[in-house]
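start-v3.pdb, holding PDB, C-alpha atoms, pLDDT in the B column:
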```
ATOM      1  CA  MET A   1     -26.309 -17.809   5.299  1.00 73.00           C
ATOM      2  CA  GLY A   2     -23.235 -15.618   5.729  1.00 87.00           C
ATOM      3  CA  TYR A   3     -22.863 -11.933   5.014  1.00 97.00           C
ATOM      4  CA  TYR A   4     -21.845 -12.673   1.422  1.00 98.00           C
ATOM      5  CA  LYS A   5     -23.018 -15.593  -0.678  1.00 98.00           C
ATOM      6  CA  HIS A   6     -19.658 -15.726  -2.425  1.00 98.00           C
ATOM      7  CA  HIS A   7     -16.679 -13.855  -1.018  1.00 98.00           C
ATOM      8  CA  VAL A   8     -13.844 -13.849  -3.538  1.00 98.00           C
ATOM      9  CA  PHE A   9     -10.248 -12.989  -2.651  1.00 98.00           C
ATOM     10  CA  PHE A  10      -7.673 -12.281  -5.339  1.00 97.00           C
ATOM     11  CA  CYS A  11      -4.094 -12.549  -4.157  1.00 96.00           C
ATOM     12  CA  THR A  12      -2.473  -9.287  -5.327  1.00 93.00           C
ATOM     13  CA  ASN A  13       0.834  -9.761  -3.565  1.00 90.00           C
ATOM     14  CA  VAL A  14       4.146  -8.388  -4.831  1.00 88.00           C
ATOM     15  CA  ARG A  15       7.507  -9.981  -3.971  1.00 86.00           C
ATOM     16  CA  ASP A  16      11.023  -8.666  -4.397  1.00 85.00           C
ATOM     17  CA  ASP A  17      12.911 -11.799  -3.426  1.00 86.00           C
ATOM     18  CA  GLY A  18      12.995 -13.379  -6.876  1.00 84.00           C
ATOM     19  CA  ARG A  19      10.151 -15.797  -6.151  1.00 85.00           C
ATOM     20  CA  GLU A  20       6.985 -15.752  -8.232  1.00 86.00           C
ATOM     21  CA  TYR A  21       4.080 -13.615  -7.105  1.00 89.00           C
ATOM     22  CA  CYS A  22       0.504 -13.141  -8.263  1.00 90.00           C
ATOM     23  CA  GLN A  23       0.826  -9.490  -9.217  1.00 88.00           C
ATOM     24  CA  GLN A  24       3.344 -10.333 -11.943  1.00 86.00           C
ATOM     25  CA  HIS A  25       0.493 -12.175 -13.639  1.00 88.00           C
ATOM     26  CA  GLY A  26      -1.693  -9.064 -13.612  1.00 89.00           C
ATOM     27  CA  ALA A  27      -3.708  -9.933 -10.512  1.00 94.00           C
ATOM     28  CA  ASN A  28      -4.774  -6.333  -9.816  1.00 94.00           C
ATOM     29  CA  GLY A  29      -6.148  -5.877 -13.309  1.00 95.00           C
ATOM     30  CA  MET A  30      -8.069  -9.135 -13.133  1.00 96.00           C
ATOM     31  CA  ARG A  31      -9.429  -8.231  -9.695  1.00 96.00           C
ATOM     32  CA  ASP A  32     -10.616  -4.870 -11.071  1.00 97.00           C
ATOM     33  CA  TYR A  33     -12.109  -6.606 -14.092  1.00 97.00           C
ATOM     34  CA  ALA A  34     -13.993  -9.102 -11.910  1.00 98.00           C
ATOM     35  CA  LYS A  35     -15.225  -6.284  -9.650  1.00 97.00           C
ATOM     36  CA  GLY A  36     -16.541  -4.397 -12.671  1.00 98.00           C
ATOM     37  CA  CYS A  37     -18.306  -7.457 -14.101  1.00 98.00           C
ATOM     38  CA  VAL A  38     -19.993  -8.290 -10.815  1.00 98.00           C
ATOM     39  CA  LYS A  39     -21.181  -4.680 -10.464  1.00 98.00           C
ATOM     40  CA  LYS A  40     -22.525  -4.629 -14.009  1.00 98.00           C
ATOM     41  CA  LEU A  41     -24.435  -7.824 -13.276  1.00 98.00           C
ATOM     42  CA  ASN A  42     -25.788  -6.233 -10.086  1.00 98.00           C
ATOM     43  CA  MET A  43     -24.394  -9.151  -8.114  1.00 98.00           C
ATOM     44  CA  ASN A  44     -22.345  -7.121  -5.639  1.00 97.00           C
ATOM     45  CA  GLY A  45     -23.292  -6.436  -2.056  1.00 97.00           C
ATOM     46  CA  GLU A  46     -24.618  -8.025   1.106  1.00 97.00           C
ATOM     47  CA  GLY A  47     -26.170 -11.436   0.519  1.00 97.00           C
ATOM     48  CA  LYS A  48     -24.543 -11.513  -2.890  1.00 98.00           C
ATOM     49  CA  VAL A  49     -20.936 -11.284  -4.079  1.00 98.00           C
ATOM     50  CA  ARG A  50     -17.893  -9.377  -2.828  1.00 98.00           C
ATOM     51  CA  ILE A  51     -14.648  -9.219  -4.793  1.00 98.00           C
ATOM     52  CA  ASN A  52     -11.638  -8.416  -2.606  1.00 97.00           C
ATOM     53  CA  ASN A  53      -7.930  -8.140  -2.878  1.00 95.00           C
ATOM     54  CA  ALA A  54      -5.791  -9.914  -0.326  1.00 96.00           C
ATOM     55  CA  GLY A  55      -2.172 -10.210   0.717  1.00 94.00           C
ATOM     56  CA  CYS A  56      -0.127 -13.292  -0.099  1.00 94.00           C
ATOM     57  CA  LEU A  57      -2.335 -16.373   0.093  1.00 96.00           C
ATOM     58  CA  ASP A  58       0.843 -18.495   0.148  1.00 94.00           C
ATOM     59  CA  ARG A  59       0.183 -20.628  -2.912  1.00 94.00           C
ATOM     60  CA  CYS A  60       2.668 -18.602  -4.960  1.00 91.00           C
ATOM     61  CA  SER A  61       3.905 -21.371  -7.252  1.00 91.00           C
ATOM     62  CA  GLU A  62       0.322 -22.019  -8.404  1.00 93.00           C
ATOM     63  CA  GLY A  63      -0.398 -18.328  -9.040  1.00 88.00           C
ATOM     64  CA  PRO A  64      -2.110 -16.239  -9.922  1.00 95.00           C
ATOM     65  CA  VAL A  65      -4.629 -17.534  -7.401  1.00 96.00           C
ATOM     66  CA  MET A  66      -8.016 -16.592  -6.058  1.00 98.00           C
ATOM     67  CA  VAL A  67     -10.278 -18.311  -3.546  1.00 98.00           C
ATOM     68  CA  VAL A  68     -14.071 -18.325  -3.275  1.00 98.00           C
ATOM     69  CA  TYR A  69     -15.447 -18.592   0.263  1.00 98.00           C
ATOM     70  CA  PRO A  70     -17.357 -20.015   2.033  1.00 97.00           C
ATOM     71  CA  ASP A  71     -17.361 -22.453  -0.901  1.00 97.00           C
ATOM     72  CA  ASN A  72     -13.671 -23.120  -0.224  1.00 97.00           C
ATOM     73  CA  VAL A  73     -12.813 -23.390  -3.911  1.00 98.00           C
ATOM     74  CA  TRP A  74      -9.431 -22.185  -5.194  1.00 98.00           C
ATOM     75  CA  TYR A  75      -8.768 -21.158  -8.770  1.00 98.00           C
ATOM     76  CA  THR A  76      -5.965 -20.039 -10.981  1.00 97.00           C
ATOM     77  CA  TYR A  77      -6.668 -17.962 -14.096  1.00 97.00           C
ATOM     78  CA  VAL A  78      -4.863 -16.661 -17.140  1.00 95.00           C
ATOM     79  CA  ASP A  79      -7.061 -14.019 -18.694  1.00 96.00           C
ATOM     80  CA  LYS A  80     -10.451 -12.313 -18.750  1.00 97.00           C
ATOM     81  CA  ASN A  81     -12.045 -15.358 -20.364  1.00 97.00           C
ATOM     82  CA  ASP A  82     -11.160 -17.399 -17.297  1.00 97.00           C
ATOM     83  CA  VAL A  83     -12.548 -14.741 -14.974  1.00 98.00           C
ATOM     84  CA  ASP A  84     -15.716 -14.546 -17.098  1.00 98.00           C
ATOM     85  CA  GLU A  85     -16.156 -18.301 -16.800  1.00 98.00           C
ATOM     86  CA  ILE A  86     -15.695 -18.281 -13.030  1.00 98.00           C
ATOM     87  CA  ILE A  87     -18.285 -15.500 -12.735  1.00 98.00           C
ATOM     88  CA  SER A  88     -20.873 -17.031 -15.061  1.00 98.00           C
ATOM     89  CA  GLU A  89     -20.414 -20.626 -13.954  1.00 98.00           C
ATOM     90  CA  HIS A  90     -19.527 -20.441 -10.288  1.00 98.00           C
ATOM     91  CA  LEU A  91     -20.810 -17.103  -8.997  1.00 98.00           C
ATOM     92  CA  GLN A  92     -23.973 -17.001 -11.076  1.00 97.00           C
ATOM     93  CA  ASN A  93     -24.820 -20.693 -11.282  1.00 97.00           C
ATOM     94  CA  GLY A  94     -22.984 -22.405  -8.445  1.00 96.00           C
ATOM     95  CA  ARG A  95     -21.046 -24.744 -10.734  1.00 98.00           C
ATOM     96  CA  VAL A  96     -17.365 -25.187  -9.919  1.00 98.00           C
ATOM     97  CA  VAL A  97     -15.072 -24.585 -12.917  1.00 98.00           C
ATOM     98  CA  GLU A  98     -13.045 -27.786 -12.677  1.00 98.00           C
ATOM     99  CA  ARG A  99     -10.505 -26.863 -15.354  1.00 98.00           C
ATOM    100  CA  LEU A 100      -9.301 -23.828 -13.375  1.00 98.00           C
ATOM    101  CA  LYS A 101      -9.500 -25.375  -9.925  1.00 98.00           C
ATOM    102  CA  ILE A 102      -6.275 -25.840  -7.955  1.00 97.00           C
TER     103      ILE A 102
ATOM    104  CA  MET B 103     -11.077 -30.292   3.601  1.00 74.00           C
ATOM    105  CA  GLY B 104      -9.856 -27.036   2.010  1.00 87.00           C
ATOM    106  CA  TYR B 105      -6.304 -25.785   1.703  1.00 97.00           C
ATOM    107  CA  TYR B 106      -6.532 -24.079   5.096  1.00 98.00           C
ATOM    108  CA  LYS B 107      -8.604 -25.237   8.036  1.00 98.00           C
ATOM    109  CA  HIS B 108      -9.216 -21.629   9.064  1.00 98.00           C
ATOM    110  CA  HIS B 109      -8.447 -18.788   6.675  1.00 98.00           C
ATOM    111  CA  VAL B 110      -8.630 -15.475   8.508  1.00 98.00           C
ATOM    112  CA  PHE B 111      -8.873 -12.117   6.744  1.00 98.00           C
ATOM    113  CA  PHE B 112      -8.291  -8.870   8.603  1.00 97.00           C
ATOM    114  CA  CYS B 113      -9.658  -5.819   6.837  1.00 96.00           C
ATOM    115  CA  THR B 114      -6.744  -3.368   6.812  1.00 93.00           C
ATOM    116  CA  ASN B 115      -8.331  -0.753   4.602  1.00 90.00           C
ATOM    117  CA  VAL B 116      -7.606   2.965   4.788  1.00 88.00           C
ATOM    118  CA  ARG B 117     -10.091   5.620   3.696  1.00 87.00           C
ATOM    119  CA  ASP B 118      -9.631   9.317   3.069  1.00 85.00           C
ATOM    120  CA  ASP B 119     -13.264  10.270   2.547  1.00 86.00           C
ATOM    121  CA  GLY B 120     -14.104  10.900   6.193  1.00 84.00           C
ATOM    122  CA  ARG B 121     -15.833   7.560   6.669  1.00 85.00           C
ATOM    123  CA  GLU B 122     -14.610   5.077   9.260  1.00 86.00           C
ATOM    124  CA  TYR B 123     -12.072   2.460   8.254  1.00 89.00           C
ATOM    125  CA  CYS B 124     -10.523  -0.545   9.951  1.00 90.00           C
ATOM    126  CA  GLN B 125      -6.947   0.704   9.881  1.00 88.00           C
ATOM    127  CA  GLN B 126      -7.837   3.606  12.174  1.00 86.00           C
ATOM    128  CA  HIS B 127      -8.541   0.967  14.813  1.00 88.00           C
ATOM    129  CA  GLY B 128      -5.072  -0.523  14.456  1.00 89.00           C
ATOM    130  CA  ALA B 129      -6.013  -3.367  12.135  1.00 94.00           C
ATOM    131  CA  ASN B 130      -2.478  -3.849  10.774  1.00 94.00           C
ATOM    132  CA  GLY B 131      -1.019  -4.196  14.243  1.00 95.00           C
ATOM    133  CA  MET B 132      -3.673  -6.701  15.281  1.00 96.00           C
ATOM    134  CA  ARG B 133      -3.160  -8.672  12.070  1.00 96.00           C
ATOM    135  CA  ASP B 134       0.590  -8.808  12.769  1.00 97.00           C
ATOM    136  CA  TYR B 135      -0.088  -9.807  16.358  1.00 97.00           C
ATOM    137  CA  ALA B 136      -2.435 -12.619  15.286  1.00 98.00           C
ATOM    138  CA  LYS B 137       0.092 -13.804  12.692  1.00 97.00           C
ATOM    139  CA  GLY B 138       2.801 -13.941  15.335  1.00 98.00           C
ATOM    140  CA  CYS B 139       0.615 -15.842  17.822  1.00 98.00           C
ATOM    141  CA  VAL B 140      -0.417 -18.425  15.242  1.00 98.00           C
ATOM    142  CA  LYS B 141       3.237 -18.950  14.240  1.00 98.00           C
ATOM    143  CA  LYS B 142       4.321 -19.349  17.862  1.00 98.00           C
ATOM    144  CA  LEU B 143       1.603 -21.950  18.338  1.00 98.00           C
ATOM    145  CA  ASN B 144       2.819 -23.719  15.179  1.00 98.00           C
ATOM    146  CA  MET B 145      -0.687 -23.444  13.774  1.00 98.00           C
ATOM    147  CA  ASN B 146       0.246 -21.726  10.506  1.00 97.00           C
ATOM    148  CA  GLY B 147       0.427 -23.399   7.127  1.00 97.00           C
ATOM    149  CA  GLU B 148      -1.387 -25.740   4.781  1.00 97.00           C
ATOM    150  CA  GLY B 149      -4.139 -27.721   6.492  1.00 97.00           C
ATOM    151  CA  LYS B 150      -3.931 -25.354   9.431  1.00 98.00           C
ATOM    152  CA  VAL B 151      -4.354 -21.580   9.783  1.00 98.00           C
ATOM    153  CA  ARG B 152      -3.540 -18.630   7.512  1.00 98.00           C
ATOM    154  CA  ILE B 153      -3.793 -15.032   8.698  1.00 98.00           C
ATOM    155  CA  ASN B 154      -4.200 -12.569   5.816  1.00 97.00           C
ATOM    156  CA  ASN B 155      -4.789  -8.911   5.286  1.00 95.00           C
ATOM    157  CA  ALA B 156      -7.517  -7.891   2.887  1.00 96.00           C
ATOM    158  CA  GLY B 157      -8.874  -4.782   1.243  1.00 94.00           C
ATOM    159  CA  CYS B 158     -12.146  -3.211   2.384  1.00 94.00           C
ATOM    160  CA  LEU B 159     -14.568  -5.946   3.427  1.00 96.00           C
ATOM    161  CA  ASP B 160     -17.365  -3.347   3.260  1.00 94.00           C
ATOM    162  CA  ARG B 161     -18.608  -3.636   6.816  1.00 94.00           C
ATOM    163  CA  CYS B 162     -16.896  -0.369   7.763  1.00 91.00           C
ATOM    164  CA  SER B 163     -19.368   0.844  10.368  1.00 90.00           C
ATOM    165  CA  GLU B 164     -18.894  -2.387  12.330  1.00 93.00           C
ATOM    166  CA  GLY B 165     -15.091  -2.222  12.163  1.00 88.00           C
ATOM    167  CA  PRO B 166     -12.516  -3.213  12.827  1.00 95.00           C
ATOM    168  CA  VAL B 167     -13.631  -6.486  11.268  1.00 96.00           C
ATOM    169  CA  MET B 168     -12.166  -9.848  10.420  1.00 98.00           C
ATOM    170  CA  VAL B 169     -13.730 -12.960   8.923  1.00 98.00           C
ATOM    171  CA  VAL B 170     -12.879 -16.618   9.417  1.00 98.00           C
ATOM    172  CA  TYR B 171     -13.499 -18.857   6.398  1.00 98.00           C
ATOM    173  CA  PRO B 172     -14.743 -21.378   5.461  1.00 97.00           C
ATOM    174  CA  ASP B 173     -16.472 -21.133   8.843  1.00 97.00           C
ATOM    175  CA  ASN B 174     -18.142 -17.918   7.644  1.00 97.00           C
ATOM    176  CA  VAL B 175     -17.869 -16.236  11.027  1.00 98.00           C
ATOM    177  CA  TRP B 176     -17.292 -12.478  11.272  1.00 98.00           C
ATOM    178  CA  TYR B 177     -15.770 -10.769  14.282  1.00 98.00           C
ATOM    179  CA  THR B 178     -14.960  -7.352  15.546  1.00 97.00           C
ATOM    180  CA  TYR B 179     -12.198  -6.845  18.106  1.00 96.00           C
ATOM    181  CA  VAL B 180     -10.806  -4.118  20.303  1.00 95.00           C
ATOM    182  CA  ASP B 181      -7.446  -5.318  21.558  1.00 96.00           C
ATOM    183  CA  LYS B 182      -4.983  -8.182  21.858  1.00 97.00           C
ATOM    184  CA  ASN B 183      -7.172  -9.878  24.462  1.00 97.00           C
ATOM    185  CA  ASP B 184      -9.937 -10.191  21.889  1.00 97.00           C
ATOM    186  CA  VAL B 185      -7.517 -11.569  19.297  1.00 98.00           C
ATOM    187  CA  ASP B 186      -6.140 -14.014  21.895  1.00 98.00           C
ATOM    188  CA  GLU B 187      -9.655 -15.230  22.641  1.00 98.00           C
ATOM    189  CA  ILE B 188     -10.500 -15.729  18.966  1.00 98.00           C
ATOM    190  CA  ILE B 189      -7.291 -17.721  18.517  1.00 98.00           C
ATOM    191  CA  SER B 190      -7.653 -19.887  21.611  1.00 98.00           C
ATOM    192  CA  GLU B 191     -11.401 -20.432  21.361  1.00 98.00           C
ATOM    193  CA  HIS B 192     -12.168 -20.458  17.656  1.00 98.00           C
ATOM    194  CA  LEU B 193      -8.937 -21.353  15.860  1.00 98.00           C
ATOM    195  CA  GLN B 194      -7.639 -23.822  18.431  1.00 97.00           C
ATOM    196  CA  ASN B 195     -10.903 -25.285  19.713  1.00 97.00           C
ATOM    197  CA  GLY B 196     -13.527 -24.579  17.086  1.00 96.00           C
ATOM    198  CA  ARG B 197     -15.773 -22.621  19.465  1.00 98.00           C
ATOM    199  CA  VAL B 198     -17.277 -19.417  18.069  1.00 98.00           C
ATOM    200  CA  VAL B 199     -16.670 -16.383  20.316  1.00 98.00           C
ATOM    201  CA  GLU B 200     -20.236 -15.137  20.491  1.00 98.00           C
ATOM    202  CA  ARG B 201     -19.448 -11.885  22.295  1.00 98.00           C
ATOM    203  CA  LEU B 202     -17.265 -10.657  19.403  1.00 98.00           C
ATOM    204  CA  LYS B 203     -19.373 -11.997  16.558  1.00 98.00           C
ATOM    205  CA  ILE B 204     -20.985  -9.518  14.201  1.00 97.00           C
TER     206      ILE B 204
END
```

In structure tokens, how does this file's structure come out?
Amino acid sequence: MGYYKHHVFFCTNVRDDGREYCQQHGANGMRDYAKGCVKKLNMNGEGKVRINNAGCLDRCSEGPVMVVYPDNVWYTYVDKNDVDEIISEHLQNGRVVERLKI
Amino acid sequence: MGYYKHHVFFCTNVRDDGREYCQQHGANGMRDYAKGCVKKLNMNGEGKVRINNAGCLDRCSEGPVMVVYPDNVWYTYVDKNDVDEIISEHLQNGRVVERLKI
């Protein structure tokens, strides 16, 4: 068992070279939303879940992206409903959300 | 096999509340150094290695910290020699560097 059961990284990168980037899809807001949900559910902390922001994860064209480790599962998401589903299905019940997987 | 063989996150967080933080131990510089080494070794990219920065990984008192996923191995480091050893031992040869593990 690692330090966290699920360690989630949201790419919150910003680009100024004309290429797509996760932040233009509201990555920071979704990261904050996920963080809040996990706290409310008392799922945050050692042995449980950690929601982090990260620099460019280099899957820009598939963004916005997040990755759940050590599970090694990558997701894209559009809105809070998607984040809710990832939390309730994957983080709470260990079931990968196939429709959002990349 | 995931998108990256080894996905490395350096905590590069800064605090202003008097508590310790990874950036005061030169985390950004070490992240840049690691990134450069991995590029020189042609180990960066899909199916290989990605070096990322991340927000607070919440192991501040053990900092500076980094984590290698999906391996789920956490390290601390002091200088470039430590980063070199993690790259040559762990990332190139799959051997955990026990002396730096946290």

Neighbourhood query: residues within 8 Å of (-23.0, -20.3, 8.6), file coordinates, counting all atoms listed in the file; return as a CSV table (one decimal) with C-alpha atoms, keeping the file's coordinate frame.
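Saved file out_23.csv follows:
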```csv
chain,number,residue,atom,x,y,z
A,1,MET,CA,-26.3,-17.8,5.3
A,2,GLY,CA,-23.2,-15.6,5.7
B,173,ASP,CA,-16.5,-21.1,8.8
B,174,ASN,CA,-18.1,-17.9,7.6
B,175,VAL,CA,-17.9,-16.2,11.0
```

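With chain A superimposed on chain B by least squares using every Cα atom in order, the two chains differ by 0.0 Å RMSD.
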
Contact table range 103-149 of chain B vs range 53-60 of chain A, cut-off 9 Å, shortest pair per residue, all atoms listed in the file, as a tab-separated table:
```
residue	atom	partner	partner_atom	distance
B:Phe111	CA	A:Ala54	CA	8.0
B:Gly147	CA	A:Asp58	CA	8.5
B:Glu148	CA	A:Asp58	CA	8.9
```

Hey, what comes out of the PyMOL selection byres ((chain A and resi 80-88) around 8) on this file? Could you write it as a JSON list (two decimals) with C-alpha atoms, in the frame of the given file?
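The result, stored in part14.json:
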```
[["chain", "number", "residue", "atom", "x", "y", "z"],
["A", 30, "MET", "CA", -8.07, -9.14, -13.13],
["A", 33, "TYR", "CA", -12.11, -6.61, -14.09],
["A", 34, "ALA", "CA", -13.99, -9.10, -11.91],
["A", 38, "VAL", "CA", -19.99, -8.29, -10.82],
["A", 77, "TYR", "CA", -6.67, -17.96, -14.10],
["A", 78, "VAL", "CA", -4.86, -16.66, -17.14],
["A", 79, "ASP", "CA", -7.06, -14.02, -18.69],
["A", 89, "GLU", "CA", -20.41, -20.63, -13.95],
["A", 90, "HIS", "CA", -19.53, -20.44, -10.29],
["A", 91, "LEU", "CA", -20.81, -17.10, -9.00],
["A", 92, "GLN", "CA", -23.97, -17.00, -11.08],
["A", 93, "ASN", "CA", -24.82, -20.69, -11.28],
["A", 96, "VAL", "CA", -17.36, -25.19, -9.92],
["A", 97, "VAL", "CA", -15.07, -24.58, -12.92],
["A", 100, "LEU", "CA", -9.30, -23.83, -13.38]]
```

Q) Using only C-alpha atoms, which residues sit within 7 Å of Gly47 in chain A once same-chain residues fewer than 2 positions away are excluded, as a list of chain:residue names? A) A:Tyr3, A:Tyr4, A:Lys5, A:Gly45, A:Val49

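The interatomic distance for the pair CA of Val110 in chain B and CA of Ile153 in chain B works out to 4.9 Å.
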
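Distances to chain A were evaluated for B:Ala129, B:Cys139, B:Cys113, B:Met145 using all atoms listed in the file, and the minimum falls at B:Cys113.
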
Give me the box for range 59-65 of chain A as lines of an AutoDock Vina configuration file, namely the centre and edge lengths in Å to one decimal of a box along x, y and z that holds every listed atom plus 3 Å on each side.
```
center_x = -0.4
center_y = -19.1
center_z = -6.4
size_x = 14.5
size_y = 11.8
size_z = 13.0
```

Q.
Report, in Å to a single decimal, how far apart CA of Arg50 in chain A and CA of Val170 in chain B are.
A. 15.1 Å

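From CA of Trp74 in chain A back to CA of Glu98 in chain A, the distance works out to 10.0 Å.
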
Q: Report as a PyMOL selection string the full result of the PyMOL selection byres ((chain A and resi 76) around 7) when it is applied to this structure.
A: chain A and resi 63-66+75+77+100-102

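Using only C-alpha atoms, the nearest neighbour of His25 in chain A within the list A:Asn44, A:Ser61, A:His6, A:Lys39 is A:Ser61.
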
**Q.** Expected selection from the PyMOL selection byres ((chain B and resi 116) around 10), given as a VMD selection string
**A.** chain B and resid 113 to 115 117 to 119 121 to 126 129 157 to 158
